[in-house]
$ cat input.txt   # compact mmCIF, C-alpha atoms (C1' of nucleotides)
# COMPACT_ATOMS: atom_id res chain seq x y z
CA MET D 1 0.00 0.00 0.00
CA ASP D 2 1.53 3.24 -1.11
CA VAL D 3 0.76 6.85 -0.27
CA LYS D 4 -1.58 7.14 -3.27
CA THR D 5 -3.91 4.53 -1.78
CA ILE D 6 -3.96 6.06 1.67
CA CYS D 7 -4.70 9.47 0.12
CA LEU D 8 -7.76 7.92 -1.53
CA GLY D 9 -8.74 6.63 1.91
CA VAL D 10 -8.42 10.02 3.57
CA LEU D 11 -10.41 11.63 0.76
CA SER D 12 -13.16 9.04 1.23
CA LEU D 13 -13.77 10.73 4.58
CA GLY D 14 -14.28 14.10 2.91
CA ASP D 15 -12.68 16.55 0.47
CA ALA D 16 -9.32 17.88 1.55
CA THR D 17 -6.22 19.76 0.51
CA GLY D 18 -2.77 18.17 0.51
CA TYR D 19 -2.06 20.09 3.68
CA GLU D 20 -5.15 18.70 5.40
CA ILE D 21 -4.23 15.16 4.35
CA ARG D 22 -0.86 15.64 5.97
CA LYS D 23 -2.56 16.87 9.14
CA THR D 24 -4.67 13.71 9.20
CA PHE D 25 -1.45 11.73 9.61
CA GLU D 26 -0.09 14.19 12.16
CA ASP D 27 -3.11 14.71 14.43
CA GLY D 28 -6.08 12.85 13.03
CA PRO D 29 -7.41 9.32 13.17
CA PHE D 30 -4.48 7.89 11.18
CA SER D 31 -1.77 9.40 13.32
CA HIS D 32 -1.23 6.18 15.31
CA PHE D 33 -0.64 3.83 12.44
CA PHE D 34 0.30 5.74 9.32
CA ASP D 35 2.46 8.64 8.26
CA ALA D 36 3.43 10.35 5.05
CA SER D 37 5.30 13.55 4.29
CA TYR D 38 4.54 16.36 1.86
CA GLY D 39 7.27 14.98 -0.35
CA SER D 40 5.14 11.92 -1.02
CA ILE D 41 1.64 13.38 -0.68
CA TYR D 42 1.88 16.07 -3.35
CA PRO D 43 3.35 13.79 -6.03
CA ALA D 44 0.74 11.16 -5.11
CA LEU D 45 -2.09 13.66 -5.57
CA GLY D 46 -0.61 14.67 -8.90
CA LYS D 47 -0.65 11.08 -10.14
CA LEU D 48 -4.15 10.45 -8.80
CA LEU D 49 -5.32 13.56 -10.63
CA ALA D 50 -3.63 12.43 -13.86
CA ASP D 51 -5.26 9.00 -13.48
CA GLY D 52 -8.71 10.49 -12.88
CA LEU D 53 -9.05 9.01 -9.39
CA VAL D 54 -9.46 12.44 -7.83
CA THR D 55 -10.64 15.83 -9.11
CA LEU D 56 -10.24 19.39 -7.95
CA SER D 57 -13.39 20.69 -6.28
CA ASP D 58 -14.68 24.08 -7.27
CA ALA D 59 -12.71 26.44 -5.09
CA GLU D 60 -14.89 28.41 -2.71
CA PRO D 61 -14.48 32.11 -3.40
CA SER D 62 -13.59 32.63 0.28
CA GLY D 63 -10.39 30.59 0.06
CA ARG D 64 -7.03 31.69 -1.24
CA SER D 65 -6.44 31.47 -4.95
CA ASP D 66 -3.82 28.72 -5.05
CA LYS D 67 -5.69 26.37 -2.71
CA LYS D 68 -6.52 22.96 -4.23
CA VAL D 69 -9.32 20.94 -2.68
CA TYR D 70 -9.30 17.34 -3.85
CA SER D 71 -12.36 15.06 -4.14
CA LEU D 72 -12.62 11.35 -4.76
CA THR D 73 -14.15 10.37 -8.12
CA ASP D 74 -16.18 7.19 -8.66
CA ALA D 75 -13.08 5.63 -10.23
CA GLY D 76 -11.12 6.67 -7.14
CA HIS D 77 -13.67 5.05 -4.87
CA ALA D 78 -13.46 1.86 -6.91
CA ALA D 79 -9.65 1.94 -6.79
CA LEU D 80 -9.80 2.31 -3.00
CA ARG D 81 -12.13 -0.69 -2.68
CA ALA D 82 -9.89 -2.71 -4.98
CA ALA D 83 -6.84 -1.88 -2.87
CA LEU D 84 -8.70 -2.90 0.29
CA ALA D 85 -9.52 -6.27 -1.30
CA GLU D 86 -5.78 -7.04 -1.46
CA GLN D 87 -4.06 -8.82 1.40
CA PRO D 88 -2.56 -6.20 3.76
CA GLY D 89 1.23 -6.15 4.03
CA ARG D 90 2.89 -6.77 7.37
CA ASP D 91 3.17 -4.00 9.94
CA ARG D 92 6.29 -1.91 9.94
CA VAL D 93 7.55 -0.33 13.14
CA ARG D 94 10.66 1.69 13.75
CA SER D 95 11.19 2.87 17.30
CA GLU D 96 14.38 4.74 18.07
CA TYR D 97 13.27 4.90 21.69
CA LEU D 98 13.36 1.11 21.96
CA VAL D 99 16.72 1.02 20.19
CA HIS D 100 18.05 3.45 22.79
CA LEU D 101 16.62 1.44 25.67
CA PHE D 102 17.95 -1.80 24.19
CA PHE D 103 21.44 -0.30 24.30
CA ALA D 104 20.94 1.47 27.64
CA HIS D 105 24.05 -0.32 28.96
CA LEU D 106 26.11 1.73 26.46
CA MET D 107 24.57 5.04 27.52
CA ASP D 108 25.13 7.53 30.27
CA PRO D 109 22.71 6.23 32.95
CA ARG D 110 21.08 9.65 33.33
CA ASP D 111 20.46 9.81 29.58
CA ALA D 112 18.96 6.33 29.65
CA CYS D 113 16.61 7.30 32.49
CA ARG D 114 15.61 10.46 30.61
CA VAL D 115 14.83 8.40 27.50
CA PHE D 116 12.74 6.04 29.62
CA ASP D 117 10.79 8.89 31.19
CA ASP D 118 10.31 10.68 27.88
CA TYR D 119 8.90 7.52 26.39
CA LEU D 120 6.58 6.93 29.34
CA ALA D 121 5.44 10.55 29.16
CA HIS D 122 4.74 10.06 25.46
CA PHE D 123 2.43 7.13 26.16
CA GLU D 124 0.68 8.94 28.98
CA ARG D 125 0.14 11.98 26.78
CA MET D 126 -1.36 9.73 24.11
CA VAL D 127 -3.74 8.20 26.64
CA ALA D 128 -4.75 11.65 27.92
CA ASP D 129 -5.44 13.53 24.71
CA CYS D 130 -6.84 10.94 22.38
CA PRO D 131 -7.74 12.76 19.17
CA CYS D 132 -11.38 11.72 19.17
CA ASP D 133 -13.75 14.52 18.39
CA GLU D 134 -16.34 11.88 17.59
CA ASP D 135 -18.16 9.55 19.96
CA PRO D 136 -16.77 6.05 19.30
CA ALA D 137 -20.35 4.72 19.44
CA ASP D 138 -21.13 6.69 16.27
CA MET D 139 -18.20 5.29 14.29
CA PRO D 140 -18.47 2.38 11.86
CA PRO D 141 -17.36 -0.86 13.59
CA GLY D 142 -13.97 -0.89 11.86
CA GLN D 143 -13.11 2.60 13.01
CA ARG D 144 -14.28 1.79 16.51
CA ILE D 145 -11.98 -1.23 16.59
CA VAL D 146 -9.04 0.83 15.39
CA HIS D 147 -9.78 3.54 17.93
CA GLY D 148 -10.05 1.02 20.76
CA PHE D 149 -6.89 -0.68 19.55
CA GLY D 150 -4.97 2.57 19.80
CA THR D 151 -6.35 3.35 23.24
CA ARG D 152 -5.51 -0.12 24.54
CA PHE D 153 -2.04 0.10 23.02
CA TYR D 154 -1.16 3.32 24.81
CA GLU D 155 -2.79 2.35 28.10
CA SER D 156 -1.12 -1.06 28.29
CA LEU D 157 2.32 0.21 27.51
CA ALA D 158 2.05 3.22 29.79
CA ALA D 159 1.05 0.81 32.56
CA PHE D 160 3.94 -1.52 31.75
CA MET D 161 6.46 1.29 31.88
CA ARG D 162 5.07 2.64 35.15
CA GLU D 163 5.39 -0.86 36.65
CA GLN D 164 8.99 -1.19 35.49
CA ARG D 165 10.17 2.34 36.14
CA ASP D 166 11.55 2.11 39.64
CA ALA D 167 13.48 -1.08 39.02
CA PHE D 168 14.92 0.27 35.77
CA ILE D 169 16.00 3.60 37.27
CA GLN D 170 17.59 1.82 40.20
CA GLU D 171 19.48 -0.65 38.03
CA MET D 172 20.73 2.15 35.81
CA ASN D 173 21.97 4.17 38.75
CA GLN D 174 23.58 1.09 40.24
CA ALA D 175 25.40 0.43 36.98
CA GLY D 176 26.51 4.07 36.89
CA GLN D 177 27.94 3.88 40.41
CA ASP D 178 29.76 0.65 39.59
CA THR D 179 31.39 2.33 36.61
CA GLU D 180 32.43 5.33 38.69
CA ALA D 181 33.82 3.10 41.42
CA ALA D 182 35.90 1.21 38.88
CA GLU D 183 37.47 4.42 37.58
CA MET K 1 18.85 7.17 13.23
CA ASP K 2 19.79 5.57 9.98
CA VAL K 3 20.65 2.02 9.04
CA LYS K 4 24.36 2.67 9.55
CA THR K 5 23.81 3.34 13.24
CA ILE K 6 21.62 0.29 13.82
CA CYS K 7 24.23 -1.85 12.04
CA LEU K 8 26.78 -0.62 14.56
CA GLY K 9 24.35 -1.63 17.28
CA VAL K 10 23.87 -5.13 15.92
CA LEU K 11 27.62 -5.55 15.54
CA SER K 12 28.10 -4.47 19.18
CA LEU K 13 26.35 -7.75 20.05
CA GLY K 14 28.91 -9.75 18.07
CA ASP K 15 30.58 -10.03 14.66
CA ALA K 16 28.18 -10.69 11.80
CA THR K 17 27.77 -10.81 8.05
CA GLY K 18 25.32 -8.54 6.23
CA TYR K 19 23.03 -11.52 5.91
CA GLU K 20 23.10 -12.16 9.65
CA ILE K 21 22.37 -8.50 10.38
CA ARG K 22 19.31 -8.78 8.16
CA LYS K 23 18.21 -11.88 10.05
CA THR K 24 18.47 -9.96 13.31
CA PHE K 25 15.74 -7.66 12.00
CA GLU K 26 13.71 -10.57 10.68
CA ASP K 27 13.84 -13.00 13.60
CA GLY K 28 16.06 -11.64 16.29
CA PRO K 29 15.71 -9.23 19.19
CA PHE K 30 15.15 -6.21 16.90
CA SER K 31 12.38 -7.76 14.86
CA HIS K 32 9.62 -6.02 16.83
CA PHE K 33 10.83 -2.46 16.50
CA PHE K 34 13.23 -2.13 13.60
CA ASP K 35 13.62 -3.34 10.08
CA ALA K 36 16.03 -2.81 7.22
CA SER K 37 16.47 -4.49 3.87
CA TYR K 38 19.59 -5.71 2.09
CA GLY K 39 19.33 -2.68 -0.16
CA SER K 40 20.16 -0.46 2.80
CA ILE K 41 22.34 -2.80 4.87
CA TYR K 42 25.01 -3.52 2.27
CA PRO K 43 25.53 0.14 1.29
CA ALA K 44 25.57 1.03 5.01
CA LEU K 45 28.29 -1.55 5.71
CA GLY K 46 30.27 -0.22 2.76
CA LYS K 47 30.20 3.30 4.18
CA LEU K 48 31.00 2.13 7.70
CA LEU K 49 33.98 0.22 6.30
CA ALA K 50 35.16 3.28 4.36
CA ASP K 51 34.82 5.39 7.52
CA GLY K 52 36.77 2.88 9.62
CA LEU K 53 33.87 2.20 11.98
CA VAL K 54 33.89 -1.51 11.12
CA THR K 55 36.52 -3.91 9.78
CA LEU K 56 36.44 -7.27 8.10
CA SER K 57 37.33 -10.08 10.48
CA ASP K 58 39.76 -12.71 9.35
CA ALA K 59 37.63 -15.18 7.46
CA GLU K 60 37.64 -18.61 9.04
CA PRO K 61 38.95 -21.15 6.55
CA SER K 62 35.76 -23.20 6.99
CA GLY K 63 33.55 -20.51 5.47
CA ARG K 64 32.91 -19.75 1.85
CA SER K 65 35.40 -17.51 0.10
CA ASP K 66 33.21 -14.47 -0.53
CA LYS K 67 31.82 -14.30 3.02
CA LYS K 68 32.47 -11.03 4.82
CA VAL K 69 32.31 -10.99 8.61
CA TYR K 70 32.16 -7.46 10.00
CA SER K 71 33.48 -6.35 13.41
CA LEU K 72 33.05 -3.10 15.28
CA THR K 73 36.22 -1.02 15.67
CA ASP K 74 36.90 1.26 18.65
CA ALA K 75 35.86 4.20 16.49
CA GLY K 76 32.67 2.33 15.63
CA HIS K 77 31.93 1.73 19.27
CA ALA K 78 32.46 5.43 19.98
CA ALA K 79 30.19 6.39 17.08
CA LEU K 80 27.48 4.10 18.44
CA ARG K 81 27.72 5.68 21.89
CA ALA K 82 27.61 9.14 20.34
CA ALA K 83 24.48 8.25 18.37
CA LEU K 84 22.84 6.92 21.54
CA ALA K 85 23.55 10.22 23.29
CA GLU K 86 21.32 11.98 20.75
CA GLN K 87 17.62 12.44 21.43
CA PRO K 88 15.71 9.55 19.83
CA GLY K 89 13.34 10.48 17.00
CA ARG K 90 9.65 9.73 17.31
CA ASP K 91 8.30 6.24 16.66
CA ARG K 92 7.09 5.46 13.18
CA VAL K 93 4.40 2.89 12.55
CA ARG K 94 2.75 1.85 9.34
CA SER K 95 0.07 -0.77 9.70
CA GLU K 96 -1.82 -1.78 6.58
CA TYR K 97 -3.93 -4.08 8.73
CA LEU K 98 -5.26 -1.14 10.71
CA VAL K 99 -5.86 0.81 7.50
CA HIS K 100 -7.92 -2.10 6.21
CA LEU K 101 -9.88 -2.38 9.45
CA PHE K 102 -10.44 1.37 9.53
CA PHE K 103 -12.09 1.10 6.13
CA ALA K 104 -13.88 -2.18 6.87
CA HIS K 105 -17.18 -0.52 5.90
CA LEU K 106 -15.86 -0.30 2.31
CA MET K 107 -14.83 -3.96 2.21
CA ASP K 108 -16.57 -7.22 1.55
CA PRO K 109 -17.61 -8.25 5.10
CA ARG K 110 -16.00 -11.67 4.71
CA ASP K 111 -12.70 -10.06 3.69
CA ALA K 112 -12.91 -7.70 6.66
CA CYS K 113 -13.46 -10.62 9.05
CA ARG K 114 -10.55 -12.49 7.48
CA VAL K 115 -8.29 -9.46 7.95
CA PHE K 116 -9.40 -9.24 11.59
CA ASP K 117 -8.68 -12.91 12.22
CA ASP K 118 -5.35 -12.79 10.40
CA TYR K 119 -4.29 -9.87 12.53
CA LEU K 120 -5.42 -11.57 15.75
CA ALA K 121 -3.58 -14.75 14.71
CA HIS K 122 -0.47 -12.65 14.10
CA PHE K 123 -0.54 -11.28 17.64
CA GLU K 124 -1.19 -14.70 19.13
CA ARG K 125 1.67 -16.19 17.14
CA MET K 126 3.94 -13.44 18.44
CA VAL K 127 2.93 -14.18 22.02
CA ALA K 128 3.50 -17.91 21.53
CA ASP K 129 6.90 -18.00 19.86
CA CYS K 130 8.75 -15.11 21.39
CA PRO K 131 12.24 -15.18 19.93
CA CYS K 132 14.03 -15.36 23.24
CA ASP K 133 16.78 -17.92 23.38
CA GLU K 134 18.13 -16.11 26.41
CA ASP K 135 16.67 -15.97 29.89
CA PRO K 136 15.40 -12.40 30.40
CA ALA K 137 16.94 -12.41 33.88
CA ASP K 138 20.39 -12.60 32.26
CA MET K 139 19.85 -9.61 29.98
CA PRO K 140 21.03 -6.08 30.74
CA PRO K 141 18.15 -4.03 32.20
CA GLY K 142 17.52 -2.17 28.96
CA GLN K 143 17.16 -5.33 26.94
CA ARG K 144 14.90 -6.82 29.58
CA ILE K 145 12.65 -3.75 29.40
CA VAL K 146 12.48 -3.96 25.62
CA HIS K 147 11.73 -7.66 25.77
CA GLY K 148 8.99 -7.17 28.34
CA PHE K 149 7.63 -4.27 26.33
CA GLY K 150 7.27 -6.47 23.26
CA THR K 151 5.63 -9.26 25.23
CA ARG K 152 3.16 -6.88 26.86
CA PHE K 153 2.41 -5.28 23.52
CA TYR K 154 1.46 -8.57 21.85
CA GLU K 155 -0.42 -9.93 24.85
CA SER K 156 -2.50 -6.79 25.40
CA LEU K 157 -3.50 -6.43 21.80
CA ALA K 158 -4.24 -10.11 21.32
CA ALA K 159 -6.49 -9.88 24.38
CA PHE K 160 -8.17 -6.75 23.06
CA MET K 161 -8.90 -8.36 19.71
CA ARG K 162 -10.23 -11.52 21.33
CA GLU K 163 -12.58 -9.37 23.45
CA GLN K 164 -13.84 -7.47 20.42
CA ARG K 165 -14.00 -10.32 17.94
CA ASP K 166 -17.55 -11.55 18.34
CA ALA K 167 -19.09 -8.09 18.24
CA PHE K 168 -17.04 -7.11 15.22
CA ILE K 169 -17.85 -10.25 13.23
CA GLN K 170 -21.52 -9.85 14.04
CA GLU K 171 -21.63 -6.20 13.03
CA MET K 172 -19.82 -6.98 9.79
CA ASN K 173 -22.23 -9.77 8.91
CA GLN K 174 -25.18 -7.58 9.83
CA ALA K 175 -23.89 -4.84 7.52
CA GLY K 176 -23.42 -7.44 4.79
CA GLN K 177 -27.01 -8.67 5.12
CA ASP K 178 -28.33 -5.11 5.06
CA THR K 179 -26.47 -4.51 1.80
CA GLU K 180 -27.83 -7.71 0.27
CA ALA K 181 -31.38 -6.91 1.38
CA ALA K 182 -31.14 -3.49 -0.22
CA GLU K 183 -30.10 -4.98 -3.57
C1' DG P 1 -4.66 50.99 10.26
C1' DC P 2 -0.42 48.55 10.74
C1' DT P 3 2.61 45.00 12.06
C1' DT P 4 3.86 40.65 13.49
C1' DC P 5 3.29 35.90 14.08
C1' DG P 6 1.48 31.43 13.70
C1' DA P 7 -1.38 28.55 10.82
C1' DT P 8 -2.48 27.34 6.20
C1' DA P 9 -0.88 25.87 1.77
C1' DT P 10 1.97 24.23 -2.36
C1' DA P 11 6.07 22.52 -4.12
C1' DT P 12 10.76 20.60 -4.84
C1' DC P 13 15.02 17.97 -4.09
C1' DG P 14 18.99 15.38 -2.34
C1' DA P 15 19.59 11.61 0.52
C1' DT P 16 17.86 7.44 2.11
C1' DA P 17 15.18 3.11 2.08
C1' DT P 18 12.33 -0.44 0.09
C1' DG P 19 11.28 -4.57 -2.32
C1' DA P 20 12.28 -7.33 -5.93
C1' DT P 21 15.56 -9.64 -8.37
C1' DA P 22 19.96 -11.92 -9.89
C1' DT P 23 23.64 -14.85 -8.74
C1' DA P 24 26.23 -18.29 -6.37
C1' DT P 25 27.72 -21.46 -2.69
C1' DA P 26 26.86 -24.48 1.39
C1' DT P 27 24.30 -27.93 3.77
C1' DC P 28 21.25 -31.59 4.60
C1' DG P 29 17.89 -35.27 3.76
C1' DC P 30 17.20 -38.96 0.80
C1' DG M 1 24.44 -37.51 -6.57
C1' DC M 2 20.27 -34.77 -6.48
C1' DG M 3 17.04 -31.42 -5.18
C1' DA M 4 15.55 -28.22 -1.73
C1' DT M 5 16.53 -24.95 1.52
C1' DA M 6 19.57 -21.79 3.92
C1' DT M 7 23.41 -18.81 3.49
C1' DA M 8 25.44 -14.88 1.33
C1' DT M 9 26.47 -10.64 -1.63
C1' DA M 10 24.92 -7.21 -4.59
C1' DT M 11 22.17 -3.97 -7.51
C1' DC M 12 18.40 -1.03 -9.18
C1' DA M 13 13.99 1.18 -10.16
C1' DT M 14 10.81 3.11 -7.41
C1' DA M 15 9.10 5.18 -3.21
C1' DT M 16 9.70 7.94 0.69
C1' DC M 17 11.70 11.13 4.05
C1' DG M 18 13.05 15.39 5.88
C1' DA M 19 14.43 19.77 5.08
C1' DT M 20 13.74 23.80 2.76
C1' DA M 21 11.69 27.62 -0.03
C1' DT M 22 7.88 30.41 -0.89
C1' DA M 23 3.63 32.74 -0.15
C1' DT M 24 -0.98 33.88 1.79
C1' DC M 25 -4.43 34.21 5.49
C1' DG M 26 -6.28 35.52 9.97
C1' DA M 27 -6.06 37.08 14.50
C1' DA M 28 -3.93 39.52 18.23
C1' DG M 29 -1.77 43.55 19.89
C1' DC M 30 -0.81 48.24 19.65
$ encode --input "input.txt" --output "structure tokens"
Amino acid sequence: MDVKTICLGVLSLGDATGYEIRKTFEDGPFSHFFDASYGSIYPALGKLLADGLVTLSDAEPSGRSDKKVYSLTDAGHAALRAALAEQPGRDRVRSEYLVHLFFAHLMDPRDACRVFDDYLAHFERMVADCPCDEDPADMPPGQRIVHGFGTRFYESLAAFMREQRDAFIQEMNQAGQDTEAAE
Amino acid sequence: MDVKTICLGVLSLGDATGYEIRKTFEDGPFSHFFDASYGSIYPALGKLLADGLVTLSDAEPSGRSDKKVYSLTDAGHAALRAALAEQPGRDRVRSEYLVHLFFAHLMDPRDACRVFDDYLAHFERMVADCPCDEDPADMPPGQRIVHGFGTRFYESLAAFMREQRDAFIQEMNQAGQDTEAAE
DNA sequence: GCTTCGATATATCGATATGATATATATCGC
DNA sequence: GCGATATATATCATATCGATATATCGAAGC
């Protein structure tokens, strides 16, 4: 699944500019499990336009002149459904935080503790301000599942890190003192 | 953090070929939170070699002639520590499964249920065969945290999906019958 | 009314990464 | 010895990232 397909998906939720599509990945309902940069969104929209899968809506007179609001065409809707009929590819995750924690024994213990606390704070922030302007009960079942999945994800891992925190901090500090004593 | 840095990290665990580094991302301890393909690993090793951060170990006579076993140099170890002193970048996730589920209302209900069950099976498989040939108690604290994090992640989300399964399947089938009745 | 600043918006580009493919050797069961 | 699978290196077209450039809009402050 490339950025073109996910752009079709975002547009199926309503007309949008390239900028608004980007914001969907940053803040919106996709932010937990998808991302794409301007450098891929704008070329993708260009190709979709050339292929007739999206069109430019009539610009409202209120907006600025160069603003481009994209809409899904019937062909675009069909292309989205066709893409969803394919087998999904495996999840891809890249967490630099976990890489850092994995190699905590090579770090300054204070840095390692800071990374731990930053990561925990990240999960707690995600639990606190879940970007849900809509009542989950009003969502289609699939969206409700995805929303619940995200919530459970952040809650479980925040809880795990809170459980482990004291032991980790203590072990790190212990290791730091051992190193100092050896010097 | 680019592939060069993570290669240094893998090599800090022991000498390895490019192929073995790839396998670390596929099967090994990094498989849950990092990935990199041959197309990035081999160029990365080439640059690291040119920069003196890794060297080629003496090939054992038992091995094949073109095999290249890489080792971390002191400079490479220092570069790894320096990279770990930097602030980690934010996590990146791309889950096509969640995209599919999010748009389940646009899918054939049977396909949507299959995607759900595939995803659940994936999490259950991850819980069952955790790639841990080492006793967590023997790991450095950071690695133990990362290992526990992965375990908790898979367990929590498998549990969540098991909880939600019946309701989801039923709602999907209901939606499917409504569509058929309307036709 | 003017200015400043942050949000909105489009676009491009070098560097990096993916995913598929080609090629070849080693190992193991049969 | 034979075929299948695992080991191993390497490349390339395509896709993507991340940073940057540019410009307009709206609201707040004065």
$ residues_around --input "input.txt" --residues "range 109-126 of chain K" --least-positions-apart "4" --cutoff "7 Å" --atoms "all atoms listed in the file" --output "list of chain:residue names"
K:Tyr97, K:Leu101, K:Ala104, K:Cys130, K:Tyr154, K:Ala158, K:Met161, K:Ile169, K:Met172, K:Asn173, K:Gly176
$ residues_near_point --input "input.txt" --point "(-13.0, 3.8, 3.1)" --cutoff "9 Å" --atoms "only C-alpha atoms (C1' of nucleotides)" --output "list of chain:residue names"
D:Leu8, D:Gly9, D:Val10, D:Leu11, D:Ser12, D:Leu13, D:His77, D:Leu80, D:Arg81, D:Leu84, K:Val99, K:His100, K:Phe102, K:Phe103, K:Ala104, K:His105, K:Leu106, K:Met107
$ write_last_selection --input "input.txt" --atoms "C-alpha atoms" --output "mmCIF file, in the frame of the given file"
data_model
loop_
_atom_site.group_PDB
_atom_site.id
_atom_site.type_symbol
_atom_site.label_atom_id
_atom_site.label_comp_id
_atom_site.auth_asym_id
_atom_site.auth_seq_id
_atom_site.Cartn_x
_atom_site.Cartn_y
_atom_site.Cartn_z
ATOM 1 C CA LEU D 8 -7.760 7.920 -1.530
ATOM 2 C CA GLY D 9 -8.740 6.630 1.910
ATOM 3 C CA VAL D 10 -8.420 10.020 3.570
ATOM 4 C CA LEU D 11 -10.410 11.630 0.760
ATOM 5 C CA SER D 12 -13.160 9.040 1.230
ATOM 6 C CA LEU D 13 -13.770 10.730 4.580
ATOM 7 C CA HIS D 77 -13.670 5.050 -4.870
ATOM 8 C CA LEU D 80 -9.800 2.310 -3.000
ATOM 9 C CA ARG D 81 -12.130 -0.690 -2.680
ATOM 10 C CA LEU D 84 -8.700 -2.900 0.290
ATOM 11 C CA VAL K 99 -5.860 0.810 7.500
ATOM 12 C CA HIS K 100 -7.920 -2.100 6.210
ATOM 13 C CA PHE K 102 -10.440 1.370 9.530
ATOM 14 C CA PHE K 103 -12.090 1.100 6.130
ATOM 15 C CA ALA K 104 -13.880 -2.180 6.870
ATOM 16 C CA HIS K 105 -17.180 -0.520 5.900
ATOM 17 C CA LEU K 106 -15.860 -0.300 2.310
ATOM 18 C CA MET K 107 -14.830 -3.960 2.210
#
$ atom_distance --input "input.txt" --atom1 "CA of Gly76 in chain K" --atom2 "CA of Asp135 in chain K"
28.2 Å
$ atom_distance --input "input.txt" --atom1 "CA of Leu72 in chain D" --atom2 "CA of Thr5 in chain D"
11.5 Å
$ interface_residues --input "input.txt" --of "chain P" --to "chain K" --cutoff "9 Å" --atoms "all atoms listed in the file" --output "PyMOL selection string"
chain P and resi 16-19+25-26
$ atom_distance --input "input.txt" --atom1 "C1' of DT24 in chain M" --atom2 "CA of Lys4 in chain D"
27.2 Å
$ closest_residue --input "input.txt" --among "D:Phe149, D:Tyr19, D:Pro88, D:Val54" --to "DA7 in chain P" --atoms "all atoms listed in the file"
D:Tyr19
$ interface_residues --input "input.txt" --of "chain M" --to "chain D" --cutoff "9 Å" --atoms "only C-alpha atoms (C1' of nucleotides)" --output "list in words"
DA15, DT16, DC17, DG18, DT24 and DC25 of chain M
$ closest_residue --input "input.txt" --among "D:His147, D:Arg165, D:Lys23, D:Arg94" --to "chain K" --atoms "all atoms listed in the file"
D:Arg94
$ closest_residue --input "input.txt" --among "K:Arg144, K:Arg162, K:Arg22, K:Lys68" --to "chain D" --atoms "only C-alpha atoms"
K:Arg144
$ residues_around --input "input.txt" --residues "DT5 in chain M" --least-positions-apart "2" --cutoff "12 Å" --atoms "all atoms listed in the file" --output "MDAnalysis selection string"
(chainID P and resid 26:29) or (chainID M and resid 3 7)
$ closest_residue --input "input.txt" --among "D:Gln164, D:Ala78, D:Ile6, D:His32" --to "Arg92 in chain K" --atoms "all atoms listed in the file"
D:His32
$ residues_near_point --input "input.txt" --point "(-1.9, -1.8, 24.4)" --cutoff "9 Å" --atoms "only C-alpha atoms (C1' of nucleotides)" --output "ChimeraX atom specification"
/D:149-158 /K:152-157,160
$ closest_residue --input "input.txt" --among "K:Asp138, K:Gln170, K:Met1, K:Gly28" --to "Arg90 in chain K" --atoms "only C-alpha atoms"
K:Met1
$ axis_aligned_box --input "input.txt" --around "range 148-161 of chain D" --padding-each-side "5 Å" --output "JSON"
{"center_x": -1.8, "center_y": 0.9, "center_z": 26.1, "size_x": 26.5, "size_y": 14.9, "size_z": 23.0}
$ decode --input "input.txt" --residues "range 13-28 of chain P" --atoms "C-alpha atoms (C1' of nucleotides)" --output "PDB file, in the first residue's frame"
ATOM      1  C1'  DC P  13      15.023  17.972  -4.089  1.00  0.00           C
ATOM      2  C1'  DG P  14      18.989  15.379  -2.339  1.00  0.00           C
ATOM      3  C1'  DA P  15      19.595  11.614   0.523  1.00  0.00           C
ATOM      4  C1'  DT P  16      17.857   7.439   2.109  1.00  0.00           C
ATOM      5  C1'  DA P  17      15.180   3.111   2.076  1.00  0.00           C
ATOM      6  C1'  DT P  18      12.325  -0.440   0.088  1.00  0.00           C
ATOM      7  C1'  DG P  19      11.278  -4.571  -2.322  1.00  0.00           C
ATOM      8  C1'  DA P  20      12.283  -7.329  -5.926  1.00  0.00           C
ATOM      9  C1'  DT P  21      15.559  -9.640  -8.371  1.00  0.00           C
ATOM     10  C1'  DA P  22      19.960 -11.917  -9.886  1.00  0.00           C
ATOM     11  C1'  DT P  23      23.638 -14.852  -8.739  1.00  0.00           C
ATOM     12  C1'  DA P  24      26.228 -18.294  -6.371  1.00  0.00           C
ATOM     13  C1'  DT P  25      27.717 -21.462  -2.685  1.00  0.00           C
ATOM     14  C1'  DA P  26      26.863 -24.477   1.393  1.00  0.00           C
ATOM     15  C1'  DT P  27      24.297 -27.929   3.766  1.00  0.00           C
ATOM     16  C1'  DC P  28      21.246 -31.593   4.598  1.00  0.00           C
TER      17       DC P  28
END
